[in-house]
$ cat my_file.csv   # CSV, C-alpha atoms
chain,number,residue,atom,x,y,z
A,75,MET,CA,-47.7,-13.3,21.5
A,76,LYS,CA,-50.7,-12.6,23.7
A,77,ASP,CA,-52.8,-15.1,21.6
A,78,ILE,CA,-50.2,-17.8,21.9
A,79,VAL,CA,-50.0,-17.4,25.7
A,80,GLY,CA,-53.8,-17.5,26.0
A,81,LYS,CA,-53.9,-21.0,24.4
A,82,PRO,CA,-53.2,-24.3,26.1
A,83,GLY,CA,-49.5,-24.9,26.1
A,84,GLY,CA,-49.0,-21.2,25.2
A,85,LYS,CA,-46.3,-20.5,27.7
A,86,LEU,CA,-44.3,-23.4,26.4
A,87,ARG,CA,-44.6,-22.1,22.8
A,88,GLN,CA,-43.6,-18.7,24.0
A,89,ARG,CA,-40.5,-20.0,25.7
A,90,SER,CA,-39.6,-22.0,22.5
A,91,LEU,CA,-40.0,-18.9,20.4
A,92,SER,CA,-37.8,-16.9,22.8
A,93,ALA,CA,-35.2,-19.6,22.7
A,94,ILE,CA,-35.2,-19.6,18.9
A,95,ALA,CA,-34.9,-15.8,18.8
A,96,ALA,CA,-32.0,-15.9,21.2
A,97,LEU,CA,-30.3,-18.6,19.0
A,98,LEU,CA,-30.8,-16.5,15.9
A,99,ILE,CA,-29.2,-13.5,17.6
A,100,LEU,CA,-26.2,-15.6,18.6
A,101,LEU,CA,-25.8,-17.0,15.1
A,102,SER,CA,-26.0,-13.5,13.6
A,103,ALA,CA,-23.5,-11.9,16.0
A,104,PRO,CA,-20.1,-11.1,14.5
A,105,ALA,CA,-17.2,-13.5,15.5
A,106,TRP,CA,-14.5,-11.2,16.9
A,107,SER,CA,-11.0,-12.6,16.6
A,108,ALA,CA,-10.1,-10.6,19.7
A,109,GLY,CA,-12.6,-12.5,21.9
A,110,THR,CA,-14.9,-11.1,24.6
A,111,PRO,CA,-14.3,-7.3,25.1
A,112,ALA,CA,-12.3,-6.3,28.2
A,113,GLY,CA,-14.5,-5.1,31.0
A,114,THR,CA,-17.3,-7.5,30.2
A,115,VAL,CA,-19.0,-8.8,33.3
A,116,ILE,CA,-19.9,-12.5,33.3
A,117,ASP,CA,-22.6,-13.4,35.8
A,118,ASN,CA,-23.6,-17.0,36.8
A,119,MET,CA,-26.2,-18.3,39.2
A,120,ALA,CA,-27.1,-21.9,40.0
A,121,GLN,CA,-30.4,-23.4,41.0
A,122,VAL,CA,-31.3,-26.4,43.0
A,123,SER,CA,-34.8,-27.9,42.8
A,124,PHE,CA,-36.2,-30.4,45.3
A,125,ASP,CA,-39.4,-31.4,47.0
A,126,VAL,CA,-40.5,-30.6,50.6
A,127,ALA,CA,-43.3,-32.9,51.7
A,128,GLY,CA,-44.4,-33.1,48.1
A,129,THR,CA,-44.1,-29.4,47.4
A,130,PRO,CA,-41.6,-28.4,44.6
A,131,VAL,CA,-39.0,-25.9,45.9
A,132,THR,CA,-36.3,-24.0,44.0
A,133,GLN,CA,-33.3,-22.4,45.7
A,134,ASP,CA,-30.9,-20.1,44.0
A,135,SER,CA,-27.2,-19.8,44.7
A,136,ASN,CA,-25.4,-16.6,45.1
A,137,ILE,CA,-24.4,-14.8,41.9
A,138,SER,CA,-20.8,-15.4,40.9
A,139,SER,CA,-19.5,-12.4,38.9
A,140,ILE,CA,-16.2,-12.2,37.0
A,141,THR,CA,-14.9,-9.3,34.9
A,142,VAL,CA,-13.1,-10.2,31.7
A,143,GLN,CA,-9.6,-8.7,31.7
A,144,GLU,CA,-7.8,-7.1,28.8
A,145,ARG,CA,-5.5,-9.3,26.7
A,146,ILE,CA,-2.7,-7.4,24.9
A,147,ASP,CA,-1.7,-8.8,21.6
A,148,VAL,CA,-0.4,-7.2,18.3
A,149,VAL,CA,0.5,-8.5,14.9
A,150,VAL,CA,2.6,-6.7,12.3
A,151,THR,CA,2.2,-8.0,8.7
A,152,LEU,CA,4.3,-7.0,5.6
A,153,GLN,CA,2.1,-6.1,2.7
A,154,SER,CA,4.8,-5.1,0.1
A,155,PRO,CA,6.5,-7.5,-2.3
A,156,GLN,CA,10.2,-7.3,-2.6
A,157,ILE,CA,10.9,-3.8,-3.7
A,158,LEU,CA,13.1,-3.2,-6.8
A,159,VAL,CA,15.5,-0.3,-6.1
A,160,ALA,CA,18.6,1.4,-7.7
A,161,ALA,CA,21.7,2.8,-6.1
A,162,SER,CA,21.1,6.2,-4.4
A,163,ASP,CA,17.3,5.9,-4.6
A,164,THR,CA,15.4,8.0,-2.1
A,165,ASN,CA,12.1,7.7,-0.2
A,166,ARG,CA,11.5,4.0,-1.1
A,167,ALA,CA,8.5,2.7,0.9
A,168,LEU,CA,7.6,-0.7,2.4
A,169,LEU,CA,4.0,-1.2,3.5
A,170,PHE,CA,3.0,-3.0,6.7
A,171,THR,CA,-0.3,-3.5,8.6
A,172,VAL,CA,-0.4,-3.3,12.4
A,173,THR,CA,-3.4,-5.1,13.9
A,174,ASN,CA,-4.5,-5.1,17.5
A,175,THR,CA,-5.4,-8.8,18.1
A,176,GLY,CA,-6.2,-8.2,21.7
A,177,ASN,CA,-9.6,-7.6,23.2
A,178,GLY,CA,-9.3,-4.0,24.3
A,179,SER,CA,-8.3,-0.6,23.0
A,180,GLU,CA,-4.5,-0.2,23.0
A,181,PRO,CA,-1.9,2.4,22.1
A,182,PHE,CA,1.2,1.3,20.2
A,183,GLN,CA,4.6,2.7,19.8
A,184,LEU,CA,6.3,2.2,16.4
A,185,ALA,CA,10.0,1.8,15.5
A,186,ILE,CA,12.0,1.3,12.4
A,187,ASP,CA,15.2,-0.8,12.2
A,188,SER,CA,17.1,-0.9,9.0
A,189,ALA,CA,20.4,-2.3,10.4
A,190,ILE,CA,19.1,-5.8,11.4
A,191,GLY,CA,21.9,-7.8,9.7
A,192,GLY,CA,21.9,-10.8,7.5
A,193,ASP,CA,21.5,-8.8,4.3
A,194,ASP,CA,23.9,-7.2,1.8
A,195,PHE,CA,23.4,-3.6,2.7
A,196,ASP,CA,21.6,-1.4,5.3
A,197,PRO,CA,18.9,0.9,3.9
A,198,ILE,CA,19.1,4.4,5.3
A,199,PRO,CA,15.9,5.4,7.2
A,200,ALA,CA,14.6,8.7,6.0
A,201,VAL,CA,13.8,11.5,8.4
A,202,PRO,CA,11.2,10.8,9.5
A,203,GLY,CA,11.2,7.1,8.6
A,204,ILE,CA,7.7,6.1,9.5
A,205,TYR,CA,4.5,7.4,8.0
A,206,PHE,CA,0.8,6.5,8.2
A,207,ASP,CA,-0.5,5.5,4.8
A,208,THR,CA,-3.1,8.2,5.2
A,209,ASP,CA,-4.5,8.0,1.6
A,210,ALA,CA,-4.5,4.2,1.5
A,211,SER,CA,-2.4,4.3,-1.7
A,212,GLY,CA,0.0,1.6,-0.5
A,213,ASP,CA,2.9,3.9,-1.4
A,214,PHE,CA,4.6,7.1,-0.1
A,215,THR,CA,2.7,10.2,-1.2
A,216,VAL,CA,2.4,13.8,-0.3
A,217,GLY,CA,-0.7,13.3,1.8
A,218,ASP,CA,0.8,10.7,4.1
A,219,ILE,CA,1.2,11.8,7.8
A,220,ALA,CA,4.5,11.3,9.6
A,221,TYR,CA,4.6,9.3,12.7
A,222,VAL,CA,6.1,11.0,15.8
A,223,SER,CA,6.6,8.8,18.8
A,224,GLY,CA,4.8,10.0,21.9
A,225,THR,CA,2.7,12.4,19.8
A,226,ASN,CA,0.5,10.4,17.4
A,227,ASP,CA,1.0,6.8,18.6
A,228,PRO,CA,-1.8,4.8,17.0
A,229,VAL,CA,-4.6,3.8,19.4
A,230,LEU,CA,-6.3,0.7,18.0
A,231,ALA,CA,-9.6,-0.8,19.2
A,232,ALA,CA,-9.8,-4.5,19.4
A,233,ASP,CA,-9.5,-6.1,15.9
A,234,ALA,CA,-8.6,-2.7,14.4
A,235,SER,CA,-5.6,-2.1,12.2
A,236,VAL,CA,-3.6,0.7,10.6
A,237,ASP,CA,-1.4,0.7,7.5
A,238,ILE,CA,2.2,1.9,8.1
A,239,LEU,CA,5.0,2.9,5.6
A,240,LEU,CA,8.7,2.5,6.4
A,241,ILE,CA,10.6,5.0,4.3
A,242,ASN,CA,14.3,4.3,3.4
A,243,ASP,CA,17.0,5.7,1.1
A,244,ILE,CA,19.3,3.3,-0.7
A,245,PRO,CA,23.1,3.7,-0.4
A,246,GLY,CA,25.2,4.5,-3.5
A,247,ALA,CA,27.7,1.7,-3.0
A,248,VAL,CA,25.4,-1.3,-3.8
A,249,ASN,CA,25.6,-4.0,-6.5
A,250,ASP,CA,23.0,-5.5,-8.7
A,251,GLY,CA,21.2,-8.3,-6.8
A,252,ASP,CA,22.1,-6.9,-3.3
A,253,ILE,CA,19.3,-7.2,-0.7
A,254,GLY,CA,18.7,-4.8,2.1
A,255,ARG,CA,16.1,-5.3,4.9
A,256,SER,CA,14.0,-3.0,7.1
A,257,GLN,CA,11.9,-3.9,10.0
A,258,LEU,CA,8.8,-2.4,11.6
A,259,THR,CA,8.1,-3.1,15.3
A,260,ALA,CA,4.9,-2.2,17.2
A,261,ASP,CA,5.0,-2.3,21.0
A,262,SER,CA,2.1,-1.9,23.4
A,263,LEU,CA,2.5,1.3,25.4
A,264,THR,CA,0.8,-0.5,28.4
A,265,GLY,CA,3.9,-2.8,28.4
A,266,THR,CA,5.7,-5.7,26.8
A,267,GLY,CA,7.2,-8.8,28.2
A,268,ALA,CA,6.5,-12.5,28.6
A,269,PRO,CA,3.0,-14.0,27.8
A,270,GLY,CA,1.0,-14.0,31.0
A,271,ASP,CA,2.6,-10.9,32.6
A,272,VAL,CA,0.0,-8.8,34.3
A,273,PHE,CA,-0.3,-5.0,34.5
A,274,VAL,CA,-2.7,-4.4,37.4
A,275,GLY,CA,-5.5,-1.9,36.7
A,276,GLN,CA,-4.1,-1.0,33.3
A,277,GLY,CA,-6.7,-2.6,31.1
A,278,ASP,CA,-10.0,-1.2,29.7
A,279,GLY,CA,-12.5,-0.2,32.4
A,280,GLY,CA,-9.9,-0.5,35.1
A,281,SER,CA,-9.4,-4.2,34.5
A,282,ASP,CA,-6.0,-5.8,34.7
A,283,ALA,CA,-4.1,-6.1,31.4
A,284,VAL,CA,-2.5,-9.5,30.6
A,285,LEU,CA,0.1,-10.0,27.9
A,286,GLY,CA,-1.0,-12.6,25.3
A,287,THR,CA,1.1,-14.9,23.1
A,288,THR,CA,2.8,-12.0,21.3
A,289,GLY,CA,4.0,-10.5,24.6
A,290,GLY,CA,2.5,-7.1,23.5
A,291,SER,CA,5.1,-6.7,20.7
A,292,GLY,CA,5.0,-7.6,17.0
A,293,ASN,CA,7.3,-7.1,14.0
A,294,ASP,CA,7.9,-8.0,10.4
A,295,THR,CA,10.6,-7.3,7.8
A,296,GLY,CA,10.5,-6.1,4.3
A,297,GLU,CA,13.2,-6.3,1.6
A,298,TYR,CA,14.7,-4.1,-1.1
A,299,ILE,CA,16.6,-5.7,-4.0
A,300,VAL,CA,19.0,-3.7,-6.1
A,301,ALA,CA,18.3,-4.2,-9.8
A,302,ASP,CA,20.0,-2.6,-12.8
A,303,VAL,CA,16.6,-2.8,-14.6
A,304,GLN,CA,13.4,-0.9,-13.7
A,305,ILE,CA,10.0,-2.1,-15.0
A,306,SER,CA,6.7,-0.1,-15.2
A,307,VAL,CA,3.6,-2.2,-14.9
A,308,LEU,CA,0.2,-0.5,-15.4
A,309,LYS,CA,-3.2,-2.0,-15.5
A,310,SER,CA,-6.6,-0.6,-16.6
A,311,VAL,CA,-10.1,-2.0,-17.2
A,312,THR,CA,-13.0,-1.1,-19.4
A,313,VAL,CA,-16.6,-2.4,-19.0
A,314,LEU,CA,-19.1,-3.3,-21.6
A,315,ASN,CA,-22.4,-4.8,-20.3
A,316,GLN,CA,-25.0,-6.8,-22.3
A,317,PHE,CA,-27.1,-3.7,-22.9
A,318,GLY,CA,-24.3,-1.7,-24.4
A,319,GLY,CA,-23.6,0.3,-21.3
A,320,SER,CA,-20.5,0.7,-19.1
A,321,GLU,CA,-22.1,-0.3,-15.8
A,322,PRO,CA,-20.4,-3.3,-14.2
A,323,ILE,CA,-23.4,-5.6,-13.7
A,324,PRO,CA,-23.6,-9.4,-13.7
A,325,GLY,CA,-23.0,-10.6,-17.2
A,326,ALA,CA,-20.9,-7.5,-18.2
A,327,THR,CA,-17.5,-8.0,-19.8
A,328,LEU,CA,-14.4,-6.6,-18.2
A,329,THR,CA,-11.4,-6.0,-20.6
A,330,TYR,CA,-8.1,-5.8,-18.7
A,331,THR,CA,-5.2,-4.0,-20.4
A,332,ILE,CA,-1.8,-4.4,-18.8
A,333,THR,CA,1.4,-2.6,-20.1
A,334,VAL,CA,4.9,-3.7,-19.2
A,335,GLU,CA,7.9,-1.5,-20.1
A,336,VAL,CA,11.5,-1.4,-19.1
A,337,THR,CA,12.3,2.2,-18.1
A,338,ASN,CA,16.1,2.3,-17.9
A,339,THR,CA,19.1,0.7,-19.6
A,340,GLY,CA,19.0,-2.7,-17.9
A,341,THR,CA,17.8,-6.0,-19.2
A,342,ALA,CA,14.8,-7.9,-17.6
A,343,SER,CA,15.7,-11.5,-18.3
A,344,SER,CA,13.1,-14.3,-18.8
A,345,THR,CA,10.2,-11.9,-18.0
A,346,VAL,CA,6.9,-13.7,-17.3
A,347,PHE,CA,3.5,-11.9,-16.9
A,348,ASN,CA,1.0,-13.6,-14.5
A,349,ASP,CA,-2.4,-12.2,-13.7
A,350,PRO,CA,-5.0,-14.3,-11.6
A,351,ILE,CA,-8.5,-14.3,-12.9
A,352,PRO,CA,-10.4,-12.0,-10.4
A,353,ALA,CA,-12.9,-13.5,-7.9
A,354,ASN,CA,-16.6,-13.4,-8.9
A,355,THR,CA,-15.6,-13.4,-12.6
A,356,THR,CA,-15.2,-16.1,-15.4
A,357,TYR,CA,-12.5,-15.9,-18.0
A,358,ALA,CA,-13.8,-15.3,-21.6
A,359,PRO,CA,-12.2,-18.1,-23.7
A,360,GLY,CA,-9.8,-17.1,-26.4
A,361,SER,CA,-9.5,-13.5,-25.3
A,362,ILE,CA,-5.7,-13.3,-24.5
A,363,SER,CA,-3.6,-11.0,-26.7
A,364,LEU,CA,-0.1,-9.8,-26.7
A,365,ASN,CA,0.6,-6.6,-28.6
A,366,ALA,CA,-2.7,-7.0,-30.4
A,367,GLY,CA,-1.8,-10.5,-31.5
A,368,ALA,CA,-4.1,-13.3,-30.4
A,369,LEU,CA,-2.8,-16.0,-28.1
A,370,THR,CA,-4.4,-19.4,-27.5
A,371,ASP,CA,-5.6,-20.6,-24.1
A,372,LEU,CA,-3.6,-23.8,-24.3
A,373,ILE,CA,0.1,-24.4,-23.5
A,374,ASP,CA,1.6,-24.5,-27.0
A,375,ALA,CA,4.1,-22.8,-29.2
A,376,ASP,CA,2.8,-19.2,-28.6
A,377,ALA,CA,3.8,-17.1,-25.6
A,378,GLY,CA,0.7,-17.4,-23.4
A,379,GLU,CA,-2.0,-19.5,-22.0
A,380,LEU,CA,-4.7,-19.8,-19.3
A,381,ASP,CA,-3.0,-21.6,-16.5
A,382,THR,CA,-5.4,-23.8,-14.6
A,383,SER,CA,-2.9,-25.8,-12.6
A,384,GLY,CA,-4.0,-23.8,-9.5
A,385,ALA,CA,-6.2,-20.8,-9.3
A,386,PRO,CA,-6.9,-19.8,-12.9
A,387,SER,CA,-4.5,-17.1,-14.2
A,388,ILE,CA,-3.3,-15.6,-17.4
A,389,VAL,CA,0.4,-16.3,-18.2
A,390,VAL,CA,2.4,-14.6,-20.9
A,391,ARG,CA,6.1,-15.1,-21.4
A,392,LEU,CA,7.7,-11.8,-22.5
A,393,GLY,CA,11.2,-13.1,-22.7
A,394,ASP,CA,14.3,-10.8,-22.3
A,395,LEU,CA,13.1,-7.2,-22.3
A,396,THR,CA,15.1,-3.9,-22.7
A,397,GLN,CA,14.1,-0.3,-23.1
A,398,ALA,CA,14.4,-0.8,-26.9
A,399,ASP,CA,11.6,-3.3,-26.9
A,400,GLY,CA,9.1,-0.6,-25.9
A,401,ILE,CA,5.7,-1.2,-24.3
A,402,GLN,CA,4.4,-4.8,-24.2
A,403,THR,CA,0.6,-4.8,-24.0
A,404,VAL,CA,-1.4,-7.8,-22.7
A,405,THR,CA,-5.2,-7.9,-22.8
A,406,PHE,CA,-7.8,-10.4,-21.7
A,407,ASP,CA,-11.5,-10.5,-20.9
A,408,VAL,CA,-13.6,-11.8,-18.1
A,409,THR,CA,-17.4,-11.7,-17.4
A,410,ILE,CA,-18.9,-10.8,-14.1
A,411,ASP,CA,-20.7,-13.8,-12.6

$ encode --input "my_file.csv" --output "structure tokens"
Amino acid sequence: MKDIVGKPGGKLRQRSLSAIAALLILLSAPAWSAGTPAGTVIDNMAQVSFDVAGTPVTQDSNISSITVQERIDVVVTLQSPQILVAASDTNRALLFTVTNTGNGSEPFQLAIDSAIGGDDFDPIPAVPGIYFDTDASGDFTVGDIAYVSGTNDPVLAADASVDILLINDIPGAVNDGDIGRSQLTADSLTGTGAPGDVFVGQGDGGSDAVLGTTGGSGNDTGEYIVADVQISVLKSVTVLNQFGGSEPIPGATLTYTITVEVTNTGTASSTVFNDPIPANTTYAPGSISLNAGALTDLIDADAGELDTSGAPSIVVRLGDLTQADGIQTVTFDVTID
């Protein structure tokens, strides 16, 4: 930089390089959905340039400072599909994600409601009925930690999230096809209310806290459906690369094996298997099989095909299945791009 400054026009070049560097920093900075962090000070100063008797003069304004206040927003999102259950089942889990979409750190209080109406039965909340998905398994396991209101309320930084499990038991007096719903609510402990409500001095860094579009409260609802049939679906993958090894490198072949089995005395009618081709892979033509029998990729007389009407996926029609049909095994190959 010293050499540049020492040359004619060097200061201009230096300023240009500085501007480019600043632009690169801005372009590489992460785009936070929460916006500018609470407590950030935004300064601004104006300048006026003029001539006095032919002499250039610049006069600065005072500095105008403003501190960004905290916006409180939260979103609760159901992650589970509709959960198949049977009468008198216990400890059946629904998975949700709670996300702090505000611009400051915020504690949230959680609540379960399994008597929300509009369904066929009310699930019975377990005691306790809310757990953190501590092991990130997506289901209720021994390692998950129970939520206790006022004791371990989740404190989430801006844009941070936490996975939460609602745990319910299923009543004995339910019928096949009945639906029961359970809702998770997350409320800001700073406060809830109408968008635009202000909590003076309650934001990060002593700023005011302002409720955003969610009013500081979010919820979502999951569903259980009673079925007289229970199905086990298990998926595994093996890797074979072009050098004969098992390392998943570009060009390696992934063989997926999926087993489908009815595990009780019910009948699963018109069962259809559907598996999207994973991102960053390409389907290996002619690799679909059902119970070791080859299936074509086309829609024809056999039970399966590669469906390209939308995102590519493997489709296999298994028909009506009972426990007597045993394990149905589907395989297909893809290569890593």

$ residues_around --input "my_file.csv" --residues "Leu240 (chain A)" --least-positions-apart "4" --cutoff "9 Å" --atoms "only C-alpha atoms" --output "PDB file with C-alpha atoms, in the coordinates of the input"
ATOM      1  CA  ARG A 166      11.500   4.000  -1.100  1.00  0.00           C
ATOM      2  CA  ALA A 167       8.500   2.700   0.900  1.00  0.00           C
ATOM      3  CA  LEU A 168       7.600  -0.700   2.400  1.00  0.00           C
ATOM      4  CA  LEU A 169       4.000  -1.200   3.500  1.00  0.00           C
ATOM      5  CA  PHE A 170       3.000  -3.000   6.700  1.00  0.00           C
ATOM      6  CA  ILE A 186      12.000   1.300  12.400  1.00  0.00           C
ATOM      7  CA  PRO A 199      15.900   5.400   7.200  1.00  0.00           C
ATOM      8  CA  ALA A 200      14.600   8.700   6.000  1.00  0.00           C
ATOM      9  CA  GLY A 203      11.200   7.100   8.600  1.00  0.00           C
ATOM     10  CA  ILE A 204       7.700   6.100   9.500  1.00  0.00           C
ATOM     11  CA  TYR A 205       4.500   7.400   8.000  1.00  0.00           C
ATOM     12  CA  PHE A 214       4.600   7.100  -0.100  1.00  0.00           C
ATOM     13  CA  SER A 256      14.000  -3.000   7.100  1.00  0.00           C
ATOM     14  CA  GLN A 257      11.900  -3.900  10.000  1.00  0.00           C
ATOM     15  CA  LEU A 258       8.800  -2.400  11.600  1.00  0.00           C
TER      16      LEU A 258
END

$ residues_near_point --input "my_file.csv" --point "(-5.2, -20.1, -25.4)" --cutoff "12 Å" --atoms "all atoms listed in the file" --output "JSON, numbers by chain"
{"A": [357, 358, 359, 360, 361, 362, 363, 364, 367, 368, 369, 370, 371, 372, 373, 374, 375, 376, 377, 378, 379, 380, 381, 382, 387, 388, 389, 390, 406]}

$ atom_distance --input "my_file.csv" --atom1 "CA of Thr295 (chain A)" --atom2 "CA of Ala189 (chain A)"
11.3 Å

$ residues_around --input "my_file.csv" --residues "Thr329 (chain A)" --least-positions-apart "6" --cutoff "6 Å" --atoms "all atoms listed in the file" --output "PyMOL selection string"
chain A and resi 311-312+406-407

$ atom_distance --input "my_file.csv" --atom1 "CA of Gln156 (chain A)" --atom2 "CA of Thr341 (chain A)"
18.3 Å

$ closest_residue --input "my_file.csv" --among "A:Gly217, A:Asp147, A:Ala301, A:Asp194" --to "Ala161 (chain A)" --atoms "only C-alpha atoms"
A:Ala301

$ residues_near_point --input "my_file.csv" --point "(19.5, -6.0, -5.4)" --cutoff "10 Å" --atoms "only C-alpha atoms" --output "ChimeraX atom specification"
/A:156-161,194-195,248-254,297-302

$ atom_distance --input "my_file.csv" --atom1 "CA of Gln397 (chain A)" --atom2 "CA of Ser343 (chain A)"
12.3 Å

$ closest_residue --input "my_file.csv" --among "A:Pro386, A:Gly340, A:Gly280, A:Gly286" --to "Val303 (chain A)" --atoms "all atoms listed in the file"
A:Gly340

$ residues_around --input "my_file.csv" --residues "Ala234 (chain A)" --least-positions-apart "2" --cutoff "8 Å" --atoms "all atoms listed in the file" --output "number ranges by chain"
A: 173-175, 230-232, 236

$ residues_around --input "my_file.csv" --residues "Val149 (chain A)" --least-positions-apart "5" --cutoff "10 Å" --atoms "all atoms listed in the file" --output "list in words"
Thr171, Val172, Thr173, Asn174, Thr175, Gly176, Ser235, Thr259, Ala260, Asp261, Thr288, Gly290, Ser291, Gly292, Asn293 and Asp294 of chain A

$ closest_residue --input "my_file.csv" --among "A:Pro228, A:Gly393, A:Gly265, A:Gly400" --to "Ser344 (chain A)" --atoms "only C-alpha atoms"
A:Gly393

$ residues_around --input "my_file.csv" --residues "Thr409 (chain A)" --least-positions-apart "3" --cutoff "8 Å" --atoms "only C-alpha atoms" --output "list in words"
Pro324, Gly325, Ala326, Thr327, Leu328, Thr355, Thr356, Tyr357 and Ala358 of chain A

$ closest_residue --input "my_file.csv" --among "A:Tyr221, A:Ser281, A:Leu152, A:Thr339" --to "Gly178 (chain A)" --atoms "all atoms listed in the file"
A:Ser281
